[in-house]
$ cat data.txt   # compact mmCIF, C-alpha atoms
# COMPACT_ATOMS: atom_id res chain seq x y z
CA MET H 6 0.00 0.00 0.00
CA ASN H 7 1.47 3.37 -1.00
CA THR H 8 1.29 6.72 0.76
CA PHE H 9 -1.69 7.88 -1.28
CA SER H 10 -3.78 4.80 -0.52
CA THR H 11 -2.91 5.02 3.17
CA ARG H 12 -4.05 8.63 3.33
CA ALA H 13 -7.17 7.74 1.38
CA SER H 14 -7.98 4.94 3.82
CA LEU H 15 -7.51 7.26 6.78
CA PHE H 16 -9.70 9.89 5.12
CA VAL H 17 -12.48 7.35 4.55
CA GLN H 18 -12.33 6.24 8.19
CA ALA H 19 -12.39 9.83 9.45
CA THR H 20 -15.28 10.72 7.12
CA PHE H 21 -17.31 7.71 8.26
CA LEU H 22 -16.75 8.45 11.93
CA GLY H 23 -17.42 12.14 11.37
CA LEU H 24 -20.80 11.32 9.84
CA ALA H 25 -21.52 9.09 12.81
CA CYS H 26 -20.76 12.00 15.11
CA SER H 27 -23.26 14.21 13.34
CA VAL H 28 -26.08 11.83 14.29
CA GLN H 29 -27.48 11.98 17.81
CA LEU H 30 -27.06 8.41 19.07
CA ALA H 31 -29.68 6.59 21.11
CA HIS H 32 -27.49 6.52 24.24
CA ALA H 33 -26.36 10.14 24.03
CA GLY H 34 -28.34 11.44 26.97
CA ASP H 35 -28.07 8.36 29.15
CA ASP H 36 -24.66 8.80 30.75
CA ASP H 37 -21.51 10.91 30.99
CA ALA H 38 -19.60 12.15 27.98
CA ILE H 39 -17.11 9.99 26.13
CA SER H 40 -13.71 9.61 27.84
CA PRO H 41 -11.05 8.54 25.28
CA ASP H 42 -7.59 7.32 26.18
CA ARG H 43 -5.99 9.30 23.36
CA PRO H 44 -4.04 11.37 22.55
CA ASN H 45 -1.63 11.70 25.49
CA VAL H 46 0.41 9.01 27.28
CA ALA H 47 -1.53 9.12 30.57
CA ASN H 48 -4.71 7.06 30.31
CA SER H 49 -8.13 7.48 31.87
CA SER H 50 -9.13 5.02 34.57
CA GLN H 51 -12.67 4.88 33.13
CA VAL H 52 -14.11 2.08 30.97
CA VAL H 53 -16.66 2.45 28.18
CA GLY H 54 -19.52 0.70 29.98
CA HIS H 55 -21.38 -2.57 29.56
CA GLY H 56 -22.38 -3.31 25.98
CA ARG H 57 -20.80 -0.20 24.54
CA VAL H 58 -18.24 0.06 21.75
CA GLN H 59 -15.75 2.87 21.35
CA VAL H 60 -13.37 3.51 18.43
CA GLU H 61 -10.43 5.93 18.69
CA ILE H 62 -8.40 6.68 15.55
CA GLY H 63 -5.75 9.24 14.75
CA ALA H 64 -2.85 10.42 12.61
CA ASN H 65 0.55 10.97 14.23
CA TRP H 66 3.49 12.76 12.58
CA ASP H 67 6.98 12.59 14.14
CA ARG H 68 10.19 14.39 13.19
CA GLN H 69 13.66 13.56 14.47
CA ARG H 70 16.78 15.38 13.29
CA ASP H 71 20.18 14.03 14.24
CA ASP H 72 23.53 15.08 12.81
CA ASP H 73 23.71 11.97 10.63
CA LEU H 74 20.02 11.34 9.80
CA HIS H 75 16.70 13.15 9.49
CA VAL H 76 13.58 11.01 9.95
CA ARG H 77 9.90 11.82 9.44
CA THR H 78 7.29 9.21 10.37
CA LEU H 79 3.54 9.04 9.81
CA SER H 80 1.43 6.48 11.71
CA THR H 81 -2.30 5.86 12.04
CA PRO H 82 -3.04 4.58 15.56
CA ALA H 83 -6.37 2.93 16.31
CA LEU H 84 -7.95 1.59 19.49
CA LEU H 85 -11.12 -0.50 19.75
CA ARG H 86 -12.72 -0.71 23.21
CA ILE H 87 -15.61 -3.09 23.94
CA GLY H 88 -17.46 -2.97 27.26
CA LEU H 89 -17.69 -6.42 28.86
CA GLY H 90 -19.27 -5.16 32.07
CA ASP H 91 -19.66 -2.06 34.18
CA THR H 92 -16.00 -2.17 35.25
CA THR H 93 -14.16 -4.06 32.49
CA GLU H 94 -13.48 -3.67 28.79
CA LEU H 95 -11.71 -5.56 26.01
CA ARG H 96 -9.11 -3.56 24.05
CA VAL H 97 -7.58 -4.11 20.61
CA GLU H 98 -4.90 -1.58 19.69
CA THR H 99 -2.40 -0.87 16.91
CA ASP H 100 -0.28 2.00 15.61
CA GLY H 101 -1.62 1.09 12.17
CA ARG H 102 0.19 2.00 8.99
CA ASN H 103 3.74 3.27 9.44
CA ILE H 104 5.45 5.35 6.73
CA GLU H 105 9.02 6.50 7.35
CA HIS H 106 10.97 9.01 5.27
CA THR H 107 14.71 9.33 5.96
CA ARG H 108 17.28 11.77 4.57
CA ASP H 109 21.05 11.82 4.97
CA PRO H 110 21.95 15.51 5.51
CA ALA H 111 25.50 14.93 4.29
CA THR H 112 24.64 13.36 0.94
CA GLY H 113 20.99 14.30 0.48
CA ALA H 114 20.11 10.62 -0.11
CA ARG H 115 16.47 9.81 0.67
CA THR H 116 14.71 6.54 1.44
CA THR H 117 11.10 5.64 2.19
CA SER H 118 9.81 2.54 3.95
CA ALA H 119 6.29 1.52 4.89
CA GLY H 120 4.58 -1.27 6.77
CA TRP H 121 1.97 -2.27 9.31
CA ASN H 122 2.61 -2.11 13.05
CA ALA H 123 1.84 -4.97 15.42
CA THR H 124 -1.54 -5.38 17.10
CA SER H 125 -2.07 -5.66 20.87
CA ILE H 126 -4.98 -7.22 22.70
CA GLY H 127 -5.77 -6.49 26.33
CA PHE H 128 -8.18 -5.27 28.98
CA LYS H 129 -8.94 -2.40 31.33
CA TRP H 130 -10.39 -2.90 34.81
CA HIS H 131 -11.81 0.11 36.65
CA PHE H 132 -11.59 -1.02 40.25
CA ALA H 133 -11.87 2.14 42.36
CA GLU H 134 -13.95 5.31 42.22
CA GLY H 135 -12.33 8.59 43.15
CA ALA H 136 -13.37 10.45 46.30
CA GLY H 137 -11.58 13.43 47.81
CA ALA H 138 -7.85 12.74 48.00
CA HIS H 139 -8.37 9.17 46.80
CA PRO H 140 -7.98 8.75 43.03
CA ALA H 141 -10.10 6.76 40.63
CA LEU H 142 -8.03 3.73 39.60
CA GLY H 143 -7.87 1.52 36.56
CA LEU H 144 -5.58 -1.36 35.62
CA ILE H 145 -4.63 -1.75 31.95
CA GLY H 146 -2.98 -4.91 30.66
CA GLN H 147 -2.11 -5.81 27.10
CA VAL H 148 0.02 -8.16 25.03
CA ALA H 149 1.54 -7.18 21.69
CA LEU H 150 1.17 -10.03 19.23
CA PRO H 151 3.78 -11.03 16.59
CA THR H 152 1.72 -9.47 13.79
CA GLY H 153 2.26 -6.75 11.22
CA SER H 154 4.95 -6.24 8.60
CA THR H 155 8.23 -8.11 9.00
CA ALA H 156 10.31 -5.03 9.80
CA LEU H 157 7.83 -3.85 12.48
CA ARG H 158 6.74 -7.17 13.92
CA GLY H 159 7.72 -8.24 17.43
CA ARG H 160 9.44 -11.59 17.83
CA GLY H 161 7.11 -12.92 20.49
CA LEU H 162 4.41 -11.99 22.96
CA LEU H 163 5.28 -8.65 24.57
CA PRO H 164 3.27 -7.90 27.74
CA GLN H 165 2.64 -4.51 29.34
CA LEU H 166 0.81 -3.55 32.54
CA ALA H 167 -0.07 -0.03 33.70
CA LEU H 168 -1.96 1.62 36.57
CA ALA H 169 -4.03 4.70 35.69
CA ALA H 170 -4.91 7.08 38.54
CA GLU H 171 -7.11 10.20 38.28
CA TRP H 172 -7.85 13.00 40.73
CA GLU H 173 -10.62 15.58 40.37
CA LEU H 174 -9.26 18.96 41.49
CA PRO H 175 -11.05 22.24 42.31
CA LYS H 176 -12.17 24.67 39.62
CA ASP H 177 -12.49 22.03 36.87
CA TRP H 178 -8.86 20.94 37.05
CA SER H 179 -7.82 17.29 37.04
CA LEU H 180 -4.66 15.22 37.38
CA ALA H 181 -3.97 11.89 35.68
CA VAL H 182 -0.93 9.76 36.44
CA THR H 183 -0.08 6.53 34.64
CA GLN H 184 2.78 4.27 35.64
CA GLY H 185 3.62 0.85 34.33
CA ALA H 186 6.12 -1.65 33.03
CA GLY H 187 6.54 -3.82 29.99
CA SER H 188 8.75 -6.38 28.34
CA ASP H 189 10.38 -6.30 24.90
CA LEU H 190 13.00 -8.19 22.87
CA ASP H 191 16.22 -6.66 21.54
CA ASP H 192 17.83 -7.41 18.17
CA ASN H 193 19.56 -10.45 19.64
CA GLY H 194 16.31 -11.92 20.92
CA ALA H 195 17.11 -11.19 24.58
CA ARG H 196 14.17 -10.04 26.68
CA TYR H 197 14.44 -6.79 28.66
CA GLY H 198 12.12 -4.69 30.79
CA TYR H 199 11.18 -1.03 30.59
CA GLY H 200 9.11 1.42 32.60
CA ILE H 201 6.38 3.95 31.75
CA LEU H 202 5.53 7.13 33.64
CA ALA H 203 3.27 10.05 32.71
CA ALA H 204 1.56 12.90 34.56
CA SER H 205 -1.09 15.01 32.84
CA LEU H 206 -2.73 18.16 34.25
CA GLY H 207 -6.11 18.83 32.67
CA LYS H 208 -8.44 21.82 32.60
CA LYS H 209 -12.09 21.83 31.55
CA PHE H 210 -12.83 25.17 29.87
CA ASN H 211 -16.55 24.58 29.32
CA GLU H 212 -18.97 21.71 28.66
CA ARG H 213 -17.31 20.91 25.34
CA ALA H 214 -13.67 22.01 25.43
CA GLN H 215 -10.80 20.91 27.63
CA GLY H 216 -7.02 20.99 27.48
CA PHE H 217 -4.02 19.31 29.09
CA LEU H 218 -0.31 19.70 29.73
CA GLU H 219 1.74 16.56 30.25
CA VAL H 220 5.24 15.38 31.09
CA ALA H 221 5.84 11.78 30.11
CA ALA H 222 8.45 9.07 29.76
CA PRO H 223 6.87 6.50 27.39
CA GLN H 224 9.98 4.36 27.77
CA ILE H 225 12.42 4.08 30.68
CA ALA H 226 15.10 1.55 29.75
CA SER H 227 18.83 0.99 29.91
CA ALA H 228 21.07 2.75 27.38
CA SER H 229 21.71 -0.55 25.61
CA HIS H 230 17.95 -0.93 25.00
CA GLY H 231 17.08 2.51 23.72
CA GLY H 232 17.46 4.51 26.92
CA LYS H 233 14.87 6.91 28.28
CA GLN H 234 12.32 8.65 26.07
CA VAL H 235 11.16 11.92 27.69
CA GLN H 236 8.68 14.44 26.32
CA VAL H 237 6.42 17.34 27.18
CA ASP H 238 3.14 17.71 25.35
CA ALA H 239 0.02 19.83 25.30
CA GLY H 240 -3.33 19.32 23.64
CA VAL H 241 -7.00 20.15 23.40
CA SER H 242 -10.17 18.16 22.82
CA TRP H 243 -13.66 19.18 21.72
CA LEU H 244 -16.92 17.30 22.25
CA LEU H 245 -19.13 17.30 19.16
CA ASN H 246 -21.74 15.47 21.24
CA LYS H 247 -21.65 13.14 24.25
CA ASP H 248 -20.49 10.25 22.09
CA CYS H 249 -18.00 11.92 19.77
CA GLN H 250 -14.79 13.88 20.41
CA ILE H 251 -11.97 15.32 18.29
CA ASP H 252 -8.50 16.11 19.63
CA ALA H 253 -5.13 17.62 18.72
CA MET H 254 -1.74 17.49 20.45
CA VAL H 255 1.78 18.85 19.97
CA VAL H 256 4.78 17.05 21.50
CA ARG H 257 8.32 18.26 22.15
CA GLY H 258 11.03 15.67 22.77
CA LEU H 259 13.39 16.44 25.65
CA ASN H 260 16.28 14.13 24.75
CA ARG H 261 17.90 12.57 21.70
CA ASN H 262 16.00 9.28 22.14
CA THR H 263 12.68 11.03 21.54
CA PRO H 264 11.44 12.63 18.29
CA ASP H 265 12.10 16.37 18.62
CA LEU H 266 8.63 17.31 17.34
CA SER H 267 5.38 15.37 17.01
CA LEU H 268 1.82 16.29 16.04
CA ALA H 269 -1.29 14.18 16.63
CA PHE H 270 -4.88 14.56 15.50
CA GLY H 271 -7.69 12.20 16.38
CA LEU H 272 -11.35 11.29 16.46
CA SER H 273 -13.19 9.12 19.00
CA VAL H 274 -16.71 7.71 18.63
CA ARG H 275 -18.80 5.70 21.08
CA ARG H 276 -22.11 3.88 20.67

$ encode --input "data.txt" --output "structure tokens"
Amino acid sequence: MNTFSTRASLFVQATFLGLACSVQLAHAGDDDAISPDRPNVANSSQVVGHGRVQVEIGANWDRQRDDDLHVRTLSTPALLRIGLGDTTELRVETDGRNIEHTRDPATGARTTSAGWNATSIGFKWHFAEGAGAHPALGLIGQVALPTGSTALRGRGLLPQLALAAEWELPKDWSLAVTQGAGSDLDDNGARYGYGILAASLGKKFNERAQGFLEVAAPQIASASHGGKQVQVDAGVSWLLNKDCQIDAMVVRGLNRNTPDLSLAFGLSVRR
């Protein structure tokens, strides 16, 4: 699949979901507004609810400029969430299509590669409601499967477990903290562990608009396994109705292991 067809596919998905958002769904007035896990690293502790289905799609653009290589990457992340009960949900997630453009600044040589990222399957369990100083808590577990294109496929089952905590603060502020750990395989097939940590401060501006500022380390690993990835990001989201939300985020990498600039745009729909 070439770049044009990938963009066309994403456009079709976004158009379909956008049309869905324009229709007032049967459940729209029955419960709280949609609570997506995208676009930032810190996740919500909330689940979608029994019998409900939520789809979250996006387009992410990353840029990394080193002295010896410039890299631009486009990916199309997607997350499917299916409510199995009032406190649990099934999750199927992927970073979708991955298109990478590289340029050697010394010679001007350019290369392009494309492929499909692996798919993960997992769950979220919302096991504590927030009250006062006590946060709402959710446990998120997933396993990346050896799927996708050869160059992007993992060599085995790669588990990850994270705890999502949320505090409601005065004057429509909120704080979300996610911490976790996972396992991956290096180029030699040796398994290694890594950590995850993110803290996001949110502000609700009105009934439809909210924003956030986040500091995150999506990967905390030894130098031999990619080192630490550290970033600061900010974003906004807008409710089109209780079951549909759009979002945008800008990310600044804080070290050489992290893309120096990233942009993300997304759409989430629930029914």

$ atom_distance --input "data.txt" --atom1 "CA of Arg160 (chain H)" --atom2 "CA of Asp189 (chain H)"
8.9 Å

$ residues_around --input "data.txt" --residues "Thr93 (chain H)" --least-positions-apart "5" --cutoff "12 Å" --atoms "all atoms listed in the file" --output "number ranges by chain"
H: 50-57, 86-88, 127-133, 143-146

$ write_last_selection --input "data.txt" --atoms "C-alpha atoms" --output "short mmCIF file (atom, residue, chain, number, x, y, z; two decimals), in the frame of the given file"
data_model
loop_
_atom_site.label_atom_id
_atom_site.label_comp_id
_atom_site.auth_asym_id
_atom_site.auth_seq_id
_atom_site.Cartn_x
_atom_site.Cartn_y
_atom_site.Cartn_z
CA SER H 50 -9.13 5.02 34.57
CA GLN H 51 -12.67 4.88 33.13
CA VAL H 52 -14.11 2.08 30.97
CA VAL H 53 -16.66 2.45 28.18
CA GLY H 54 -19.52 0.70 29.98
CA HIS H 55 -21.38 -2.57 29.56
CA GLY H 56 -22.38 -3.31 25.98
CA ARG H 57 -20.80 -0.20 24.54
CA ARG H 86 -12.72 -0.71 23.21
CA ILE H 87 -15.61 -3.09 23.94
CA GLY H 88 -17.46 -2.97 27.26
CA GLY H 127 -5.77 -6.49 26.33
CA PHE H 128 -8.18 -5.27 28.98
CA LYS H 129 -8.94 -2.40 31.33
CA TRP H 130 -10.39 -2.90 34.81
CA HIS H 131 -11.81 0.11 36.65
CA PHE H 132 -11.59 -1.02 40.25
CA ALA H 133 -11.87 2.14 42.36
CA GLY H 143 -7.87 1.52 36.56
CA LEU H 144 -5.58 -1.36 35.62
CA ILE H 145 -4.63 -1.75 31.95
CA GLY H 146 -2.98 -4.91 30.66
#

$ closest_residue --input "data.txt" --among "H:Val46, H:Pro223, H:Ile62, H:Leu142" --to "Leu85 (chain H)" --atoms "all atoms listed in the file"
H:Ile62

$ closest_residue --input "data.txt" --among "H:Leu84, H:Asn45, H:Thr112, H:Leu79" --to "Ala221 (chain H)" --atoms "only C-alpha atoms"
H:Asn45

$ atom_distance --input "data.txt" --atom1 "CA of Arg196 (chain H)" --atom2 "CA of Gly161 (chain H)"
9.8 Å

$ atom_distance --input "data.txt" --atom1 "CA of Leu190 (chain H)" --atom2 "CA of Ser229 (chain H)"
11.9 Å

$ closest_residue --input "data.txt" --among "H:Ala214, H:Ala228, H:Ala47, H:Leu272" --to "Asp248 (chain H)" --atoms "all atoms listed in the file"
H:Leu272

$ closest_residue --input "data.txt" --among "H:Arg43, H:Arg276, H:Lys176, H:Lys233" --to "Thr263 (chain H)" --atoms "all atoms listed in the file"
H:Lys233

$ closest_residue --input "data.txt" --among "H:Arg70, H:Arg158, H:His139, H:Lys247" --to "Thr99 (chain H)" --atoms "only C-alpha atoms"
H:Arg158

$ closest_residue --input "data.txt" --among "H:Glu105, H:Glu171, H:Asp42, H:Asp177" --to "Phe210 (chain H)" --atoms "only C-alpha atoms"
H:Asp177

$ residues_around --input "data.txt" --residues "Ser125 (chain H)" --least-positions-apart "3" --cutoff "10 Å" --atoms "only C-alpha atoms" --output "NGL selection string"
:H and (84 or 96-100 or 122 or 146-152 or 162-165)
